[in-house]
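Everything below belongs to coords_20.txt, which stores compact mmCIF, C-alpha atoms.
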# COMPACT_ATOMS: atom_id res chain seq x y z
CA MET U 1 36.42 -157.89 65.52
CA ALA U 2 36.17 -159.82 68.79
CA ARG U 3 34.74 -157.99 71.80
CA ASP U 4 37.79 -158.69 73.96
CA GLU U 5 39.92 -156.61 71.56
CA PHE U 6 37.93 -153.49 72.47
CA THR U 7 38.06 -154.45 76.16
CA ARG U 8 41.86 -154.68 75.99
CA ARG U 9 42.11 -151.25 74.37
CA ARG U 10 39.90 -149.61 76.99
CA ARG U 11 41.88 -151.17 79.83
CA GLN U 12 45.16 -150.02 78.31
CA LEU U 13 43.85 -146.47 77.93
CA MET U 14 42.51 -146.39 81.50
CA ARG U 15 45.88 -147.53 82.84
CA LEU U 16 47.53 -144.64 81.01
CA MET U 17 44.92 -142.16 82.27
CA GLY U 18 45.14 -143.00 85.98
CA ARG U 19 42.40 -143.63 88.53
CA ASP U 20 41.50 -139.99 89.19
CA SER U 21 40.62 -139.28 85.54
CA ILE U 22 37.64 -139.57 83.21
CA ALA U 23 37.47 -139.82 79.42
CA VAL U 24 34.50 -138.66 77.37
CA LEU U 25 34.09 -139.60 73.69
CA PRO U 26 31.11 -138.64 71.52
CA ALA U 27 30.10 -140.65 68.46
CA ALA U 28 30.27 -139.00 65.06
CA PRO U 29 27.15 -137.01 64.19
CA VAL U 30 24.96 -137.77 61.19
CA ARG U 31 25.93 -135.55 58.25
CA HIS U 32 23.56 -134.38 55.54
CA ARG U 33 24.60 -134.40 51.91
CA ASN U 34 21.71 -132.25 50.74
CA ASN U 35 18.19 -131.58 51.99
CA ASP U 36 16.90 -134.87 53.48
CA VAL U 37 19.69 -137.04 52.07
CA GLU U 38 22.29 -138.22 54.57
CA TYR U 39 25.84 -139.28 53.84
CA PRO U 40 26.41 -142.97 54.63
CA TYR U 41 27.12 -143.04 58.35
CA ARG U 42 30.74 -143.60 59.38
CA GLN U 43 31.59 -143.84 63.06
CA ASP U 44 34.25 -141.57 64.60
CA SER U 45 37.51 -143.53 64.43
CA ASP U 46 38.51 -143.01 68.09
CA PHE U 47 35.01 -143.98 69.25
CA GLN U 48 35.09 -147.04 66.98
CA TYR U 49 38.55 -148.03 68.25
CA LEU U 50 37.39 -148.15 71.87
CA THR U 51 33.82 -149.38 71.54
CA GLY U 52 33.09 -151.11 68.22
CA PHE U 53 29.67 -149.43 68.51
CA GLY U 54 28.54 -148.21 65.10
CA GLU U 55 25.49 -146.06 65.90
CA PRO U 56 25.22 -142.25 66.02
CA GLU U 57 23.90 -140.28 69.00
CA ALA U 58 26.09 -142.09 71.49
CA VAL U 59 28.67 -141.13 74.12
CA ALA U 60 31.29 -143.40 75.71
CA VAL U 61 32.63 -142.62 79.18
CA LEU U 62 35.64 -144.29 80.83
CA VAL U 63 36.00 -143.84 84.60
CA PRO U 64 39.06 -145.78 85.83
CA GLY U 65 38.64 -147.33 89.25
CA ARG U 66 34.93 -146.57 89.59
CA ALA U 67 33.43 -149.45 91.56
CA GLN U 68 29.98 -149.42 89.97
CA ALA U 69 31.07 -149.23 86.32
CA GLU U 70 34.25 -148.14 84.56
CA TYR U 71 32.88 -148.23 81.02
CA ILE U 72 29.55 -146.52 80.41
CA LEU U 73 27.68 -146.05 77.13
CA PHE U 74 24.90 -143.57 76.48
CA VAL U 75 22.90 -144.67 73.44
CA ARG U 76 19.56 -144.20 71.68
CA GLU U 77 16.66 -146.06 73.22
CA ARG U 78 14.88 -148.77 71.27
CA ASP U 79 12.04 -147.28 69.22
CA PRO U 80 10.06 -149.61 66.95
CA ALA U 81 8.64 -146.74 64.90
CA ARG U 82 12.03 -145.13 64.22
CA GLU U 83 13.68 -148.51 63.67
CA THR U 84 11.15 -149.22 60.92
CA TRP U 85 12.43 -146.13 59.11
CA ASP U 86 16.12 -145.99 60.04
CA GLY U 87 17.19 -149.49 61.06
CA ARG U 88 17.76 -151.44 64.24
CA ARG U 89 19.13 -149.95 67.44
CA ALA U 90 21.00 -151.72 70.21
CA GLY U 91 19.39 -149.71 72.99
CA PRO U 92 20.91 -149.61 76.51
CA ALA U 93 20.34 -153.32 77.05
CA GLY U 94 22.06 -154.21 73.77
CA ALA U 95 24.94 -151.82 74.51
CA ALA U 96 25.66 -153.78 77.68
CA ARG U 97 24.92 -157.23 76.29
CA ASP U 98 26.61 -156.98 72.88
CA PHE U 99 29.22 -154.24 73.28
CA GLY U 100 30.60 -154.90 76.75
CA ALA U 101 29.44 -151.75 78.53
CA ASP U 102 29.49 -152.10 82.33
CA ASP U 103 26.43 -149.89 82.35
CA ALA U 104 24.35 -148.18 79.67
CA PHE U 105 21.78 -145.39 79.72
CA PRO U 106 19.52 -143.59 77.26
CA ILE U 107 21.31 -140.71 75.53
CA ALA U 108 18.48 -138.44 76.71
CA ASP U 109 19.77 -138.90 80.29
CA LEU U 110 23.28 -137.65 79.48
CA ASP U 111 22.84 -134.16 80.99
CA ASP U 112 21.50 -135.65 84.21
CA ILE U 113 24.15 -138.34 84.71
CA LEU U 114 27.43 -137.12 83.24
CA PRO U 115 28.03 -134.18 85.63
CA GLY U 116 27.94 -136.68 88.50
CA LEU U 117 30.56 -138.82 86.76
CA LEU U 118 32.80 -135.77 86.29
CA GLU U 119 32.53 -134.83 89.95
CA ASN U 120 35.73 -135.25 92.00
CA ARG U 121 37.75 -136.37 88.99
CA THR U 122 41.04 -134.48 88.63
CA ARG U 123 41.43 -134.67 84.84
CA VAL U 124 39.07 -134.89 81.88
CA TYR U 125 40.51 -136.65 78.83
CA TYR U 126 38.69 -135.19 75.85
CA THR U 127 39.45 -134.22 72.24
CA MET U 128 38.56 -130.55 72.08
CA GLY U 129 37.73 -129.03 68.69
CA GLU U 130 36.52 -132.16 66.90
CA TYR U 131 32.80 -131.54 67.49
CA ALA U 132 32.18 -127.91 68.44
CA GLU U 133 28.63 -128.40 69.66
CA PHE U 134 29.63 -131.20 72.02
CA ASP U 135 32.62 -129.12 73.24
CA GLN U 136 30.16 -126.58 74.58
CA ARG U 137 28.26 -129.25 76.47
CA VAL U 138 31.41 -130.65 78.12
CA VAL U 139 32.58 -127.18 79.17
CA GLY U 140 29.07 -126.45 80.43
CA TRP U 141 29.04 -129.56 82.64
CA VAL U 142 32.41 -128.66 84.15
CA ASN U 143 31.43 -125.02 84.72
CA GLY U 144 28.17 -126.16 86.29
CA LEU U 145 30.14 -128.15 88.85
CA ARG U 146 32.31 -125.11 89.58
CA THR U 147 29.27 -123.10 90.59
CA GLN U 148 28.42 -125.82 93.11
CA ALA U 149 31.87 -126.02 94.72
CA ARG U 150 30.48 -124.64 98.00
CA ASN U 151 28.17 -127.64 98.13
CA GLY U 152 31.14 -129.98 98.04
CA ARG U 153 30.88 -130.82 94.32
CA HIS U 154 34.43 -130.49 93.00
CA PRO U 155 34.96 -130.12 89.24
CA PRO U 156 37.94 -131.49 87.31
CA GLN U 157 40.93 -129.17 87.43
CA GLU U 158 42.47 -130.04 84.09
CA PHE U 159 41.54 -130.90 80.52
CA VAL U 160 43.97 -133.34 78.84
CA ALA U 161 44.05 -134.00 75.09
CA LEU U 162 42.69 -137.53 74.74
CA ASP U 163 43.94 -137.78 71.17
CA HIS U 164 47.57 -137.40 72.28
CA VAL U 165 47.36 -140.63 74.32
CA LEU U 166 44.87 -142.54 72.20
CA HIS U 167 46.49 -141.85 68.85
CA ASP U 168 49.80 -143.22 70.05
CA MET U 169 47.96 -146.44 70.95
CA ARG U 170 46.37 -146.57 67.51
CA LEU U 171 49.78 -146.33 65.84
CA TYR U 172 50.65 -149.91 66.90
CA LYS U 173 48.37 -152.42 65.21
CA SER U 174 47.28 -155.60 66.96
CA ARG U 175 47.11 -159.04 65.38
CA HIS U 176 43.34 -158.63 64.85
CA GLU U 177 43.80 -155.23 63.22
CA LEU U 178 46.48 -156.57 60.91
CA GLU U 179 44.22 -159.41 59.79
CA LEU U 180 41.64 -156.83 58.71
CA MET U 181 44.25 -154.63 57.04
CA ARG U 182 45.68 -157.57 55.08
CA THR U 183 42.20 -158.48 53.87
CA SER U 184 41.40 -154.86 53.01
CA ALA U 185 44.64 -154.64 50.98
CA GLN U 186 43.91 -157.94 49.23
CA ILE U 187 40.43 -156.74 48.20
CA ALA U 188 41.88 -153.47 46.91
CA ALA U 189 44.59 -155.37 45.02
CA ARG U 190 41.90 -157.47 43.31
CA ALA U 191 40.11 -154.24 42.37
CA HIS U 192 43.27 -152.87 40.73
CA LEU U 193 43.71 -156.12 38.82
CA ARG U 194 40.10 -155.85 37.67
CA ALA U 195 40.73 -152.25 36.50
CA MET U 196 43.81 -153.30 34.54
CA ARG U 197 41.95 -156.11 32.80
CA PHE U 198 38.99 -153.90 31.96
CA CYS U 199 40.96 -150.87 30.74
CA ARG U 200 41.04 -150.14 26.98
CA PRO U 201 41.01 -147.11 24.66
CA GLY U 202 37.53 -145.64 24.36
CA ALA U 203 36.48 -146.65 27.88
CA THR U 204 35.97 -143.87 30.41
CA GLU U 205 37.49 -143.04 33.75
CA TYR U 206 34.11 -143.54 35.44
CA GLN U 207 33.76 -147.00 33.94
CA VAL U 208 37.10 -147.98 35.44
CA MET U 209 35.94 -146.52 38.75
CA ALA U 210 32.80 -148.67 38.52
CA GLU U 211 34.98 -151.78 38.20
CA LEU U 212 36.87 -150.80 41.35
CA VAL U 213 33.73 -150.15 43.37
CA HIS U 214 32.15 -153.37 42.11
CA GLU U 215 35.08 -155.38 43.45
CA PHE U 216 34.98 -153.56 46.80
CA ARG U 217 31.27 -154.09 47.32
CA ARG U 218 31.26 -157.74 46.28
CA HIS U 219 33.55 -158.33 49.28
CA ASN U 220 31.41 -156.19 51.63
CA ALA U 221 33.97 -153.38 51.64
CA ASP U 222 33.40 -149.75 50.77
CA THR U 223 35.58 -147.01 49.32
CA ALA U 224 38.07 -145.69 51.86
CA TYR U 225 38.14 -142.40 49.90
CA HIS U 226 36.89 -141.15 46.56
CA PRO U 227 38.97 -143.03 43.97
CA ILE U 228 41.35 -141.14 41.70
CA VAL U 229 41.08 -142.42 38.12
CA GLY U 230 43.07 -140.08 35.94
CA GLY U 231 43.99 -140.71 32.31
CA GLY U 232 46.55 -138.77 30.28
CA ALA U 233 46.85 -135.17 31.52
CA ASN U 234 44.67 -136.05 34.51
CA SER U 235 47.35 -138.45 35.78
CA CYS U 236 49.37 -135.35 36.68
CA ILE U 237 46.65 -133.95 39.01
CA LEU U 238 47.45 -135.36 42.44
CA HIS U 239 43.90 -135.29 43.84
CA TYR U 240 41.94 -135.58 40.60
CA ARG U 241 38.27 -136.25 41.39
CA GLU U 242 36.10 -135.77 38.31
CA ASN U 243 36.75 -139.24 36.81
CA ASP U 244 34.61 -138.38 33.78
CA GLN U 245 36.92 -138.36 30.74
CA PRO U 246 37.41 -140.90 27.92
CA LEU U 247 40.64 -142.90 27.91
CA ALA U 248 42.85 -142.34 24.88
CA ASP U 249 45.12 -144.79 23.10
CA GLY U 250 48.75 -144.07 24.06
CA ASP U 251 47.96 -142.46 27.43
CA LEU U 252 48.72 -143.66 30.93
CA LEU U 253 46.01 -144.23 33.53
CA LEU U 254 46.76 -143.53 37.20
CA VAL U 255 44.41 -145.26 39.64
CA ASP U 256 44.59 -144.41 43.35
CA ALA U 257 41.92 -146.46 45.11
CA GLY U 258 41.59 -148.26 48.43
CA CYS U 259 38.75 -149.85 50.32
CA GLU U 260 37.56 -149.83 53.90
CA LEU U 261 36.73 -153.11 55.63
CA GLU U 262 35.19 -152.87 59.11
CA CYS U 263 36.58 -149.32 59.22
CA TYR U 264 40.17 -150.35 58.31
CA ALA U 265 41.57 -148.77 55.17
CA SER U 266 43.81 -149.82 52.32
CA ASP U 267 45.40 -147.27 49.97
CA ILE U 268 46.93 -148.48 46.70
CA THR U 269 48.02 -146.65 43.56
CA ARG U 270 48.93 -148.28 40.27
CA THR U 271 49.72 -146.67 36.91
CA PHE U 272 49.35 -148.53 33.63
CA PRO U 273 49.01 -147.86 29.87
CA VAL U 274 45.48 -147.51 28.56
CA ASN U 275 46.26 -149.72 25.54
CA GLY U 276 48.24 -152.26 27.56
CA ARG U 277 51.72 -151.33 26.28
CA PHE U 278 54.08 -148.74 27.76
CA THR U 279 55.79 -146.36 25.35
CA ALA U 280 59.55 -146.00 25.75
CA GLU U 281 59.14 -142.69 27.58
CA GLN U 282 56.36 -143.97 29.82
CA ARG U 283 58.40 -147.03 30.77
CA ALA U 284 61.49 -144.93 31.48
CA VAL U 285 59.57 -142.74 33.96
CA TYR U 286 57.70 -145.72 35.36
CA GLU U 287 60.89 -147.64 36.11
CA ILE U 288 62.35 -144.67 37.98
CA VAL U 289 59.27 -144.52 40.22
CA LEU U 290 59.27 -148.30 40.67
CA GLU U 291 62.92 -148.24 41.70
CA ALA U 292 62.10 -145.44 44.17
CA ASN U 293 59.17 -147.44 45.54
CA ARG U 294 61.37 -150.48 46.12
CA ALA U 295 64.22 -148.44 47.60
CA ALA U 296 61.84 -146.77 50.03
CA ILE U 297 60.27 -150.09 51.09
CA ALA U 298 63.78 -151.44 51.72
CA ARG U 299 64.24 -148.67 54.31
CA VAL U 300 61.08 -149.69 56.20
CA ARG U 301 62.51 -151.66 59.11
CA PRO U 302 62.68 -151.36 62.90
CA GLY U 303 65.24 -148.82 64.06
CA ASN U 304 65.12 -146.68 60.93
CA HIS U 305 63.41 -143.32 61.30
CA TRP U 306 60.25 -142.17 59.54
CA ASN U 307 62.03 -140.02 56.93
CA GLU U 308 64.50 -142.66 55.70
CA PRO U 309 62.09 -144.16 53.11
CA HIS U 310 61.42 -140.66 51.77
CA GLU U 311 65.13 -139.88 51.58
CA ALA U 312 65.71 -143.10 49.64
CA ALA U 313 62.89 -142.30 47.20
CA VAL U 314 64.14 -138.73 46.68
CA ARG U 315 67.63 -139.97 45.85
CA VAL U 316 66.41 -142.50 43.29
CA ILE U 317 63.97 -140.07 41.66
CA THR U 318 66.55 -137.30 41.44
CA GLN U 319 69.09 -139.69 39.89
CA GLY U 320 66.45 -140.89 37.43
CA LEU U 321 65.41 -137.39 36.41
CA VAL U 322 69.07 -136.57 35.72
CA ARG U 323 69.43 -139.79 33.71
CA ILE U 324 66.54 -138.95 31.37
CA GLY U 325 67.63 -135.32 31.07
CA LEU U 326 64.89 -133.52 33.01
CA LEU U 327 67.29 -132.33 35.72
CA LYS U 328 70.88 -131.18 35.28
CA GLY U 329 73.57 -130.85 37.93
CA ARG U 330 75.29 -132.76 40.70
CA LEU U 331 73.13 -135.12 42.71
CA PRO U 332 73.90 -133.78 46.23
CA ALA U 333 73.24 -130.20 45.16
CA LEU U 334 69.99 -131.12 43.39
CA ILE U 335 68.75 -132.94 46.50
CA ARG U 336 69.75 -130.10 48.84
CA SER U 337 68.01 -127.52 46.66
CA GLY U 338 64.87 -129.63 46.28
CA ALA U 339 65.07 -129.45 42.48
CA TYR U 340 63.15 -132.74 42.27
CA ARG U 341 60.08 -131.08 43.83
CA ARG U 342 59.04 -129.72 40.42
CA PHE U 343 58.18 -133.29 39.48
CA PHE U 344 57.81 -135.06 42.87
CA MET U 345 56.06 -132.58 45.15
CA HIS U 346 54.64 -134.77 47.92
CA ARG U 347 55.94 -136.94 50.72
CA THR U 348 56.58 -140.64 50.18
CA GLY U 349 54.00 -141.92 52.64
CA HIS U 350 51.69 -141.58 55.63
CA TRP U 351 50.40 -143.72 58.48
CA LEU U 352 47.54 -146.08 57.59
CA GLY U 353 44.85 -147.71 59.72
CA LEU U 354 41.34 -146.75 60.82
CA ASP U 355 41.89 -143.57 58.80
CA VAL U 356 43.50 -143.47 55.37
CA HIS U 357 45.78 -140.72 56.64
CA ASP U 358 45.96 -142.34 60.03
CA VAL U 359 46.79 -140.73 63.34
CA GLY U 360 50.20 -140.73 65.02
CA ASP U 361 53.08 -138.30 65.33
CA TYR U 362 55.73 -138.29 62.63
CA LYS U 363 58.22 -136.62 64.94
CA VAL U 364 58.92 -137.04 68.65
CA GLY U 365 60.22 -133.68 69.77
CA ASP U 366 62.52 -132.51 66.99
CA GLU U 367 63.49 -135.99 65.84
CA TRP U 368 61.84 -138.19 63.23
CA ARG U 369 59.94 -141.06 64.83
CA VAL U 370 61.72 -144.40 64.84
CA LEU U 371 59.85 -147.19 63.06
CA GLU U 372 58.71 -150.08 65.26
CA PRO U 373 56.95 -153.41 64.62
CA GLY U 374 53.19 -153.07 64.25
CA MET U 375 53.26 -149.68 62.54
CA THR U 376 51.59 -149.52 59.11
CA LEU U 377 52.31 -146.90 56.45
CA THR U 378 52.11 -146.22 52.75
CA ILE U 379 55.02 -145.89 50.35
CA GLU U 380 54.02 -143.77 47.34
CA PRO U 381 56.70 -142.03 45.27
CA GLY U 382 55.67 -140.40 42.02
CA ILE U 383 56.76 -138.31 39.04
CA TYR U 384 54.38 -135.88 37.29
CA LEU U 385 55.19 -134.22 33.96
CA PRO U 386 52.19 -132.11 32.92
CA ALA U 387 51.92 -130.45 29.53
CA GLY U 388 53.37 -126.97 29.67
CA ALA U 389 55.96 -127.82 32.33
CA ARG U 390 58.97 -125.59 31.70
CA GLY U 391 61.94 -127.39 30.15
CA VAL U 392 60.09 -130.68 29.59
CA PRO U 393 60.30 -131.92 25.99
CA ARG U 394 57.01 -132.81 24.32
CA ARG U 395 57.67 -136.57 24.35
CA TRP U 396 57.59 -136.59 28.19
CA ARG U 397 54.43 -134.53 28.62
CA ASN U 398 51.30 -135.78 30.40
CA ILE U 399 53.15 -138.68 31.95
CA GLY U 400 52.06 -139.01 35.57
CA VAL U 401 53.21 -142.07 37.51
CA ARG U 402 52.62 -142.98 41.16
CA ILE U 403 53.14 -146.41 42.70
CA GLU U 404 51.72 -146.81 46.20
CA ASP U 405 51.90 -149.80 48.52
CA ASP U 406 50.65 -150.53 52.03
CA VAL U 407 53.52 -151.66 54.25
CA LEU U 408 53.72 -153.19 57.74
CA VAL U 409 56.83 -152.79 59.87
CA THR U 410 57.71 -156.31 61.09
CA LYS U 411 60.29 -157.53 63.62
CA SER U 412 62.85 -158.07 60.87
CA GLY U 413 61.85 -155.67 58.11
CA ALA U 414 58.67 -155.02 56.15
CA GLU U 415 55.64 -156.87 54.82
CA VAL U 416 53.99 -155.39 51.72
CA LEU U 417 50.28 -155.87 52.35
CA SER U 418 49.39 -154.79 48.81
CA ALA U 419 51.81 -157.16 47.05
CA ARG U 420 49.03 -158.84 45.05
CA ALA U 421 48.52 -155.69 42.96
CA PRO U 422 50.97 -156.01 40.04
CA LYS U 423 53.56 -153.26 39.69
CA ASP U 424 56.32 -154.78 37.54
CA PRO U 425 55.77 -153.26 34.07
CA ASP U 426 56.14 -156.59 32.25
CA GLN U 427 53.65 -158.19 34.63
CA ILE U 428 51.19 -155.32 34.10
CA GLU U 429 51.42 -155.72 30.32
CA ALA U 430 50.86 -159.47 30.65
CA VAL U 431 47.80 -158.96 32.89
CA MET U 432 46.29 -156.42 30.48
CA ALA U 433 46.94 -158.66 27.47
CA ARG U 434 44.75 -161.36 29.04
CA GLY U 435 41.82 -158.92 29.23
CA PRO U 436 38.66 -158.93 31.36
CA SER U 437 37.79 -162.57 30.71
CA ALA U 438 40.80 -163.81 32.69
CA SER U 439 39.94 -165.35 36.06
CA MET U 440 40.76 -163.40 39.20
CA PRO U 441 43.45 -164.89 41.50

Reformat the file's structure so that it appears as structure tokens.
Amino acid sequence: MARDEFTRRRRQLMRLMGRDSIAVLPAAPVRHRNNDVEYPYRQDSDFQYLTGFGEPEAVAVLVPGRAQAEYILFVRERDPARETWDGRRAGPAGAARDFGADDAFPIADLDDILPGLLENRTRVYYTMGEYAEFDQRVVGWVNGLRTQARNGRHPPQEFVALDHVLHDMRLYKSRHELELMRTSAQIAARAHLRAMRFCRPGATEYQVMAELVHEFRRHNADTAYHPIVGGGANSCILHYRENDQPLADGDLLLVDAGCELECYASDITRTFPVNGRFTAEQRAVYEIVLEANRAAIARVRPGNHWNEPHEAAVRVITQGLVRIGLLKGRLPALIRSGAYRRFFMHRTGHWLGLDVHDVGDYKVGDEWRVLEPGMTLTIEPGIYLPAGARGVPRRWRNIGVRIEDDVLVTKSGAEVLSARAPKDPDQIEAVMARGPSASMP
């Protein structure tokens, strides 16, 4: 992403903060998986949003109105020996040259310099509770200034939640962000197509997962979350993770998988028959969920509130469950009582962006948030009929269907970013009939 995009974001945040404030943001720490093995490093999303700086052991400071430098980065120094082992570092000079910092210092100098930056600032914008160890350092710097008040060193009087301001900014995606999110969704859609074409009885869930990851990595994207690849009974486990079972003829396969491209996530779910042909019961449930998916997307438009897509999906799913005999009663009463929740127990979507479950309030005060252009969300209704569910005839058992799309609120309605992943049942059967040798679009 272009450097001026990060500059624009910082300037916008500093305008909202005011000239007597300071913001402090630490980078994400390195996490260990086990013993000496580290998890792949992923930068803190707020830090990434404002800096584009992808290294650990860094701190960003914004000081609106400061004559010498408003944007300061503290980073690791260059170290040829460590860089031989762990990779290249920008160093203070690179932080200024390549990442737009007005000034940059070694991270080892943080305790010496930051208290002076806090001095005589009225408010500290900081996200308390995210990194407990760094919380203690920030509080320590402020308390240290308080002990020196008699010497004319005045500490900030107020802590303000940085995430409250910053996360509202992140809710509205820029043109550059949307370009990345479209590409991320297109890569994920290709991965789902690849999974459909590969899938066959006797294959395993982990082999399907390998196809997904292969498609992500060949486009320089990574998994945005651990993929869910659940066949048969496993399709009814919402956050199934094992992905280690064989795929049986006659079962459905639910695949929930998205990728992350330059930290921007996609999140797509498709459900399809292992053998390439829906049974009558599978198609009946699938078409209810597909109708709910489309009805919910139709309610994604400026001026509608956040819950309207969910309400539309609930209505369609409840009607469908009555139609196939799994619910009995009058529609309004069934919706009021939440009878559908036995089979559709989650919400219809969430915000999407730098995080899969992205930041942003769903309500403003007591009212659902109104949808506005630039917001991105998922639409993901589902029906889950596990074996042993009370009152569910055998022919419906172990049918789990979820259909999830990534959707942008536009000026006039909605754009489905994940549209290239097939979801019409006839189209899915046609794709699977062509098999793995078919060329990718």

Check the smallest atom-to-atom distance from each of U:Ala2, U:Val359, U:Leu114, U:Val124 to Leu171 (chain U) using only C-alpha atoms, then report the winner.
U:Val359

Protein/DNA/RNA residues near (62.9, -150.1, 33.4), cut 12 Å, only C-alpha atoms, as an MDAnalysis selection string
chainID U and resid 278:292 320 324 423:426

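Between CA of Leu408 (chain U) and CA of Glu179 (chain U) the interatomic distance comes to 11.5 Å.
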
Go ahead and compute the interatomic distance for CA of Glu311 (chain U) and CA of Arg369 (chain U), in Å to one decimal.
14.3 Å

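Of note, CA of Val274 (chain U) and CA of Gly232 (chain U) are spaced 9.0 Å apart.
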
Please provide the set of residues having any atom within 6 Å of Arg121 (chain U), restricted to all atoms listed in the file, with same-chain residues fewer than 6 positions apart removed, written as a ChimeraX atom specification.
/U:20-21,156

Near Pro386 (chain U), within 7 Å and counting only C-alpha atoms, which residues show up once chain neighbours fewer than 2 positions away are dropped, as a ChimeraX atom specification?
/U:233,236,384,388-389,397-399

Contacts of region 22-31 of chain U at 9 Å or less, counting only C-alpha atoms, minus same-chain residues fewer than 3 places along, as number ranges by chain?
U: 14, 17-19, 37-48, 53-64, 117-118, 121-127, 131, 134, 138, 162

Closest to Arg270 (chain U) among U:Arg170, U:Arg182, U:His214, U:Arg420, using all atoms listed in the file?
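Answer, going by the shortest atom-to-atom distance: U:Arg420.
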
I want to know what sits within 6 Å of His305 (chain U), based on all atoms listed in the file, with residues of the same chain fewer than 2 positions away left out; could you give that as a ChimeraX atom specification?
/U:307-308,368-371

Neighbour list for region 198-209 of chain U as a PDB file with C-alpha atoms, in the frame of the given file, cut-off 9 Å, all atoms listed in the file, skip fewer than 3 positions in-chain:
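Output (part-v6.pdb):
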ATOM      1  CA  LEU U 193      43.710-156.120  38.820  1.00  0.00           C
ATOM      2  CA  ARG U 194      40.100-155.850  37.670  1.00  0.00           C
ATOM      3  CA  ALA U 195      40.730-152.250  36.500  1.00  0.00           C
ATOM      4  CA  LEU U 212      36.870-150.800  41.350  1.00  0.00           C
ATOM      5  CA  VAL U 213      33.730-150.150  43.370  1.00  0.00           C
ATOM      6  CA  HIS U 214      32.150-153.370  42.110  1.00  0.00           C
ATOM      7  CA  PRO U 227      38.970-143.030  43.970  1.00  0.00           C
ATOM      8  CA  ILE U 228      41.350-141.140  41.700  1.00  0.00           C
ATOM      9  CA  VAL U 229      41.080-142.420  38.120  1.00  0.00           C
ATOM     10  CA  GLY U 230      43.070-140.080  35.940  1.00  0.00           C
ATOM     11  CA  GLY U 231      43.990-140.710  32.310  1.00  0.00           C
ATOM     12  CA  GLU U 242      36.100-135.770  38.310  1.00  0.00           C
ATOM     13  CA  ASN U 243      36.750-139.240  36.810  1.00  0.00           C
ATOM     14  CA  ASP U 244      34.610-138.380  33.780  1.00  0.00           C
ATOM     15  CA  GLN U 245      36.920-138.360  30.740  1.00  0.00           C
ATOM     16  CA  PRO U 246      37.410-140.900  27.920  1.00  0.00           C
ATOM     17  CA  LEU U 247      40.640-142.900  27.910  1.00  0.00           C
ATOM     18  CA  ALA U 248      42.850-142.340  24.880  1.00  0.00           C
ATOM     19  CA  ASP U 249      45.120-144.790  23.100  1.00  0.00           C
ATOM     20  CA  GLY U 250      48.750-144.070  24.060  1.00  0.00           C
ATOM     21  CA  ASP U 251      47.960-142.460  27.430  1.00  0.00           C
ATOM     22  CA  LEU U 253      46.010-144.230  33.530  1.00  0.00           C
ATOM     23  CA  VAL U 255      44.410-145.260  39.640  1.00  0.00           C
ATOM     24  CA  ALA U 257      41.920-146.460  45.110  1.00  0.00           C
ATOM     25  CA  PRO U 273      49.010-147.860  29.870  1.00  0.00           C
ATOM     26  CA  VAL U 274      45.480-147.510  28.560  1.00  0.00           C
ATOM     27  CA  ASN U 275      46.260-149.720  25.540  1.00  0.00           C
ATOM     28  CA  GLY U 276      48.240-152.260  27.560  1.00  0.00           C
ATOM     29  CA  MET U 432      46.290-156.420  30.480  1.00  0.00           C
ATOM     30  CA  GLY U 435      41.820-158.920  29.230  1.00  0.00           C
ATOM     31  CA  PRO U 436      38.660-158.930  31.360  1.00  0.00           C
ATOM     32  CA  SER U 437      37.790-162.570  30.710  1.00  0.00           C
TER      33      SER U 437
END

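Minimum distance to Gln427 (chain U) across U:Arg8, U:Arg137, U:Arg277, U:Arg294 (counting all atoms listed in the file) occurs at U:Arg277.
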
Mind dumping a table of every region 358-431 of chain U residue within 8 Å of region 331-352 of chain U, with the nearest atom pair and its distance in Å to one decimal, using only C-alpha atoms, sorted by chain and rising number, as a tab-separated table?
residue	atom	partner	partner_atom	distance
U:Asp358	CA	U:Leu352	CA	4.7
U:Val359	CA	U:Trp351	CA	6.8
U:Gly360	CA	U:Trp351	CA	7.2
U:Met375	CA	U:Trp351	CA	7.8
U:Thr376	CA	U:Leu352	CA	5.5
U:Leu377	CA	U:Trp351	CA	4.2
U:Thr378	CA	U:Gly349	CA	4.7
U:Ile379	CA	U:Gly349	CA	4.7
U:Glu380	CA	U:Thr348	CA	4.9
U:Pro381	CA	U:Thr348	CA	5.1
U:Gly382	CA	U:Phe344	CA	5.8
U:Ile383	CA	U:Phe344	CA	5.1
U:Tyr384	CA	U:Phe343	CA	5.1
U:Leu385	CA	U:Phe343	CA	6.3
U:Asp406	CA	U:Leu352	CA	7.8

Go through U:Gly353, U:Gly144, U:Gly65, U:Pro309 one by one, measure the shortest atom-to-atom distance of each to Ser266 (chain U) using all atoms listed in the file, and give the residue with the smallest value.
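Of all the options, U:Gly353 lies closest to Ser266 (chain U).
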
Nearest to His164 (chain U) among U:Arg323, U:Ala132, U:Asp361, U:Ala221, with distances taken over all atoms listed in the file: which residue is it?
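Among U:Arg323, U:Ala132, U:Asp361, U:Ala221, it is U:Asp361 that comes nearest to His164 (chain U).
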
Exercise: residues within 10 Å of coordinate (42.6, -134.6, 47.5), counting all atoms listed in the file, as a PyMOL selection string
chain U and resi 225-228+237-241

Dump of C-alpha atoms for the selected residues, as a tab-separated table (two decimals), in the frame of the given file:
chain	number	residue	atom	x	y	z
U	225	TYR	CA	38.14	-142.40	49.90
U	226	HIS	CA	36.89	-141.15	46.56
U	227	PRO	CA	38.97	-143.03	43.97
U	228	ILE	CA	41.35	-141.14	41.70
U	237	ILE	CA	46.65	-133.95	39.01
U	238	LEU	CA	47.45	-135.36	42.44
U	239	HIS	CA	43.90	-135.29	43.84
U	240	TYR	CA	41.94	-135.58	40.60
U	241	ARG	CA	38.27	-136.25	41.39
